[in-house]
Amino acid sequence: MARLFQIDDWNEQSWWNTGGTRDKKIYLNPEDGERYYFKQSYRVGKMDYKYEFWSEIIAFEVGDLLKFNILPYHIAKREGVIGCISKSMITDKEELVEGGKYLQAFDQQFKPEDTASRNRYDFQLIINSFRSFQLEAHLSKIVEMLIFDALIGNSDRHQENWAFITEPTELN
């Protein structure tokens, strides 16, 4: 069951950044010292997506009931703004690498921002890039994710909406 977090006294971590269309900010919970992502509603022109954050919460609840490994989302409120919140899935010693980075490294012709090459994004591109980077062991997770998306009607699984958790590497 979704919980309500009142986060007025949480500290914004403005040096962390996130991608995506919605306004997301990262806050440090003073009780547990963990980072949380707060996704707010947003507007685009005359379109108001005031309640869209509920889809994240409902998707978590459905996935949890069906025993999928789903990141928990809850309700949060900060200074009168309501949205959803999730605990960071990475530690300070990890980084999140969006799937699109692997796809672009494998196929330099794939440019998600270019509408002409965007149609190159398909399951075969994912399979080929996974093979190229010896990531075949993770293909079952991609299939599981796609099955879950089909069950909940999610049509927003672009290359920036899935990622790998990795340990940062240093160049010498």
# chains A, B, ... in the order shown; residues from 1 in each chain; ligands from 1
>>> select_by_dssp(residues="region 5-138 of chain A", states="strand (DSSP E or B)", output="PyMOL selection string")
chain A and resi 5-6+11-12+24-28+35-40+42-44+47-49+74-78+81-87+95-98
>>> select_by_dssp(residues="region 27-166 of chain A", states="alpha helix (DSSP H)", output="short mmCIF file (atom, residue, chain, number, x, y, z; two decimals) with N, CA, C and O atoms, in the first residue's frame")
data_model
loop_
_atom_site.label_atom_id
_atom_site.label_comp_id
_atom_site.auth_asym_id
_atom_site.auth_seq_id
_atom_site.Cartn_x
_atom_site.Cartn_y
_atom_site.Cartn_z
N TRP A 54 0.47 9.30 -10.58
CA TRP A 54 -0.24 8.14 -10.02
C TRP A 54 0.07 6.88 -10.82
O TRP A 54 0.03 5.77 -10.27
N SER A 55 0.37 7.01 -12.10
CA SER A 55 0.67 5.81 -12.90
C SER A 55 1.89 5.08 -12.35
O SER A 55 1.96 3.86 -12.39
N GLU A 56 2.88 5.83 -11.83
CA GLU A 56 4.06 5.20 -11.23
C GLU A 56 3.67 4.39 -9.99
O GLU A 56 4.13 3.28 -9.77
N ILE A 57 2.80 4.97 -9.17
CA ILE A 57 2.38 4.33 -7.94
C ILE A 57 1.53 3.09 -8.24
O ILE A 57 1.74 2.02 -7.66
N ILE A 58 0.60 3.23 -9.16
CA ILE A 58 -0.27 2.10 -9.54
C ILE A 58 0.55 0.98 -10.18
O ILE A 58 0.35 -0.20 -9.87
N ALA A 59 1.49 1.35 -11.05
CA ALA A 59 2.35 0.33 -11.67
C ALA A 59 3.12 -0.44 -10.61
O ALA A 59 3.24 -1.67 -10.69
N PHE A 60 3.64 0.26 -9.60
CA PHE A 60 4.33 -0.44 -8.52
C PHE A 60 3.39 -1.39 -7.79
O PHE A 60 3.73 -2.54 -7.53
N GLU A 61 2.20 -0.92 -7.46
CA GLU A 61 1.25 -1.76 -6.71
C GLU A 61 0.87 -3.01 -7.51
O GLU A 61 0.84 -4.12 -6.96
N VAL A 62 0.61 -2.85 -8.79
CA VAL A 62 0.25 -4.00 -9.64
C VAL A 62 1.44 -4.95 -9.75
O VAL A 62 1.31 -6.16 -9.59
N GLY A 63 2.62 -4.40 -10.03
CA GLY A 63 3.82 -5.23 -10.14
C GLY A 63 4.14 -5.98 -8.87
O GLY A 63 4.52 -7.15 -8.90
N ASP A 64 3.95 -5.31 -7.74
CA ASP A 64 4.19 -5.95 -6.45
C ASP A 64 3.21 -7.11 -6.23
O ASP A 64 3.61 -8.19 -5.79
N LEU A 65 1.95 -6.89 -6.56
CA LEU A 65 0.95 -7.96 -6.43
C LEU A 65 1.27 -9.16 -7.31
O LEU A 65 1.04 -10.30 -6.94
N GLY A 99 20.03 2.57 -21.01
CA GLY A 99 20.15 1.61 -22.10
C GLY A 99 20.56 2.24 -23.41
O GLY A 99 21.31 1.65 -24.19
N GLY A 100 20.09 3.45 -23.65
CA GLY A 100 20.43 4.14 -24.90
C GLY A 100 21.91 4.33 -25.11
O GLY A 100 22.39 4.35 -26.25
N LYS A 101 22.68 4.44 -24.03
CA LYS A 101 24.14 4.60 -24.16
C LYS A 101 24.76 3.37 -24.79
O LYS A 101 25.64 3.46 -25.63
N TYR A 102 24.27 2.18 -24.38
CA TYR A 102 24.77 0.93 -24.97
C TYR A 102 24.34 0.82 -26.43
O TYR A 102 25.12 0.40 -27.29
N LEU A 103 23.08 1.18 -26.69
CA LEU A 103 22.57 1.08 -28.06
C LEU A 103 23.34 2.01 -29.00
O LEU A 103 23.68 1.63 -30.12
N GLN A 104 23.63 3.23 -28.54
CA GLN A 104 24.36 4.18 -29.37
C GLN A 104 25.82 3.78 -29.54
O GLN A 104 26.41 4.01 -30.59
N ALA A 105 26.41 3.17 -28.52
CA ALA A 105 27.80 2.69 -28.65
C ALA A 105 27.88 1.54 -29.64
O ALA A 105 28.86 1.42 -30.38
N PHE A 106 26.85 0.71 -29.67
CA PHE A 106 26.82 -0.41 -30.60
C PHE A 106 26.51 0.05 -32.03
O PHE A 106 27.12 -0.39 -32.99
N PHE A 123 13.62 -4.44 -30.59
CA PHE A 123 14.14 -5.52 -29.76
C PHE A 123 15.42 -6.11 -30.34
O PHE A 123 16.33 -6.48 -29.60
N GLN A 124 15.51 -6.19 -31.67
CA GLN A 124 16.71 -6.75 -32.29
C GLN A 124 17.93 -5.89 -32.00
O GLN A 124 19.02 -6.41 -31.75
N LEU A 125 17.76 -4.57 -31.99
CA LEU A 125 18.88 -3.68 -31.64
C LEU A 125 19.32 -3.94 -30.21
O LEU A 125 20.53 -3.97 -29.92
N ILE A 126 18.38 -4.14 -29.31
CA ILE A 126 18.72 -4.43 -27.92
C ILE A 126 19.50 -5.75 -27.83
O ILE A 126 20.55 -5.82 -27.19
N ILE A 127 18.99 -6.79 -28.49
CA ILE A 127 19.67 -8.10 -28.48
C ILE A 127 21.09 -7.96 -29.02
O ILE A 127 22.05 -8.45 -28.41
N ASN A 128 21.22 -7.32 -30.17
CA ASN A 128 22.54 -7.18 -30.79
C ASN A 128 23.51 -6.40 -29.92
O ASN A 128 24.69 -6.76 -29.80
N SER A 129 23.03 -5.33 -29.29
CA SER A 129 23.94 -4.56 -28.43
C SER A 129 24.31 -5.34 -27.18
O SER A 129 25.46 -5.29 -26.74
N PHE A 130 23.37 -6.08 -26.62
CA PHE A 130 23.68 -6.91 -25.45
C PHE A 130 24.74 -7.94 -25.81
O PHE A 130 25.67 -8.17 -25.03
N ARG A 131 24.61 -8.56 -26.96
CA ARG A 131 25.61 -9.55 -27.39
C ARG A 131 26.97 -8.89 -27.57
O ARG A 131 27.99 -9.44 -27.17
N SER A 132 26.97 -7.69 -28.16
CA SER A 132 28.22 -6.99 -28.41
C SER A 132 28.96 -6.67 -27.12
O SER A 132 30.20 -6.71 -27.09
N LEU A 139 19.23 -10.35 -20.80
CA LEU A 139 18.11 -10.32 -21.74
C LEU A 139 16.80 -10.79 -21.11
O LEU A 139 15.74 -10.25 -21.42
N SER A 140 16.87 -11.75 -20.20
CA SER A 140 15.64 -12.22 -19.56
C SER A 140 14.97 -11.11 -18.76
O SER A 140 13.74 -11.05 -18.67
N LYS A 141 15.76 -10.21 -18.18
CA LYS A 141 15.20 -9.07 -17.44
C LYS A 141 14.50 -8.09 -18.39
O LYS A 141 13.46 -7.51 -18.04
N ILE A 142 15.07 -7.92 -19.57
CA ILE A 142 14.42 -7.05 -20.57
C ILE A 142 13.09 -7.65 -20.99
O ILE A 142 12.07 -6.96 -21.08
N VAL A 143 13.07 -8.96 -21.22
CA VAL A 143 11.83 -9.64 -21.60
C VAL A 143 10.80 -9.52 -20.48
O VAL A 143 9.63 -9.21 -20.72
N GLU A 144 11.22 -9.73 -19.24
CA GLU A 144 10.32 -9.59 -18.09
C GLU A 144 9.75 -8.16 -18.02
O GLU A 144 8.56 -7.97 -17.78
N MET A 145 10.61 -7.18 -18.26
CA MET A 145 10.18 -5.78 -18.25
C MET A 145 9.14 -5.53 -19.34
O MET A 145 8.12 -4.87 -19.12
N LEU A 146 9.36 -6.07 -20.54
CA LEU A 146 8.42 -5.90 -21.64
C LEU A 146 7.09 -6.59 -21.37
O LEU A 146 6.03 -6.07 -21.72
N ILE A 147 7.13 -7.74 -20.74
CA ILE A 147 5.89 -8.44 -20.36
C ILE A 147 5.11 -7.60 -19.36
O ILE A 147 3.90 -7.41 -19.50
N PHE A 148 5.81 -7.07 -18.36
CA PHE A 148 5.14 -6.22 -17.38
C PHE A 148 4.54 -4.98 -18.06
O PHE A 148 3.40 -4.60 -17.79
N ASP A 149 5.32 -4.35 -18.95
CA ASP A 149 4.81 -3.19 -19.68
C ASP A 149 3.53 -3.54 -20.45
O ASP A 149 2.58 -2.75 -20.47
N ALA A 150 3.52 -4.70 -21.07
CA ALA A 150 2.32 -5.12 -21.82
C ALA A 150 1.14 -5.31 -20.88
O ALA A 150 0.00 -4.92 -21.20
N LEU A 151 1.38 -5.88 -19.71
CA LEU A 151 0.30 -6.11 -18.74
C LEU A 151 -0.32 -4.81 -18.24
O LEU A 151 -1.54 -4.73 -18.05
N ILE A 152 0.49 -3.78 -18.04
CA ILE A 152 -0.03 -2.52 -17.50
C ILE A 152 -0.32 -1.49 -18.59
O ILE A 152 -0.78 -0.39 -18.29
#
>>> closest_residue(among="A:Lys77, A:His138, A:Lys93, A:Arg118", to="Asp9 (chain A)", atoms="only C-alpha atoms")
A:Lys77
>>> residues_around(residues="Glu95 (chain A)", least_positions_apart="6", cutoff="8 Å", atoms="only C-alpha atoms", output="ChimeraX atom specification")
/A:165-168
>>> closest_residue(among="A:Asp114, A:Asp32, A:Glu98, A:Glu52", to="Cys84 (chain A)", atoms="only C-alpha atoms")
A:Glu52
>>> residues_around(residues="region 73-76 of chain A", least_positions_apart="2", cutoff="9 Å", atoms="only C-alpha atoms", output="list in words")
Met1, Ala2, Arg3, Leu4, Phe5, Gln6, Ile7, Phe38, Lys39, Phe53, Trp54, Glu56, Ile57, Ile58, Ala59, Phe60, Glu61, Ile70, Leu71, Arg78, Val81, Ile82, Gly83, Cys84, Ile85, Ser86 and Lys87 of chain A
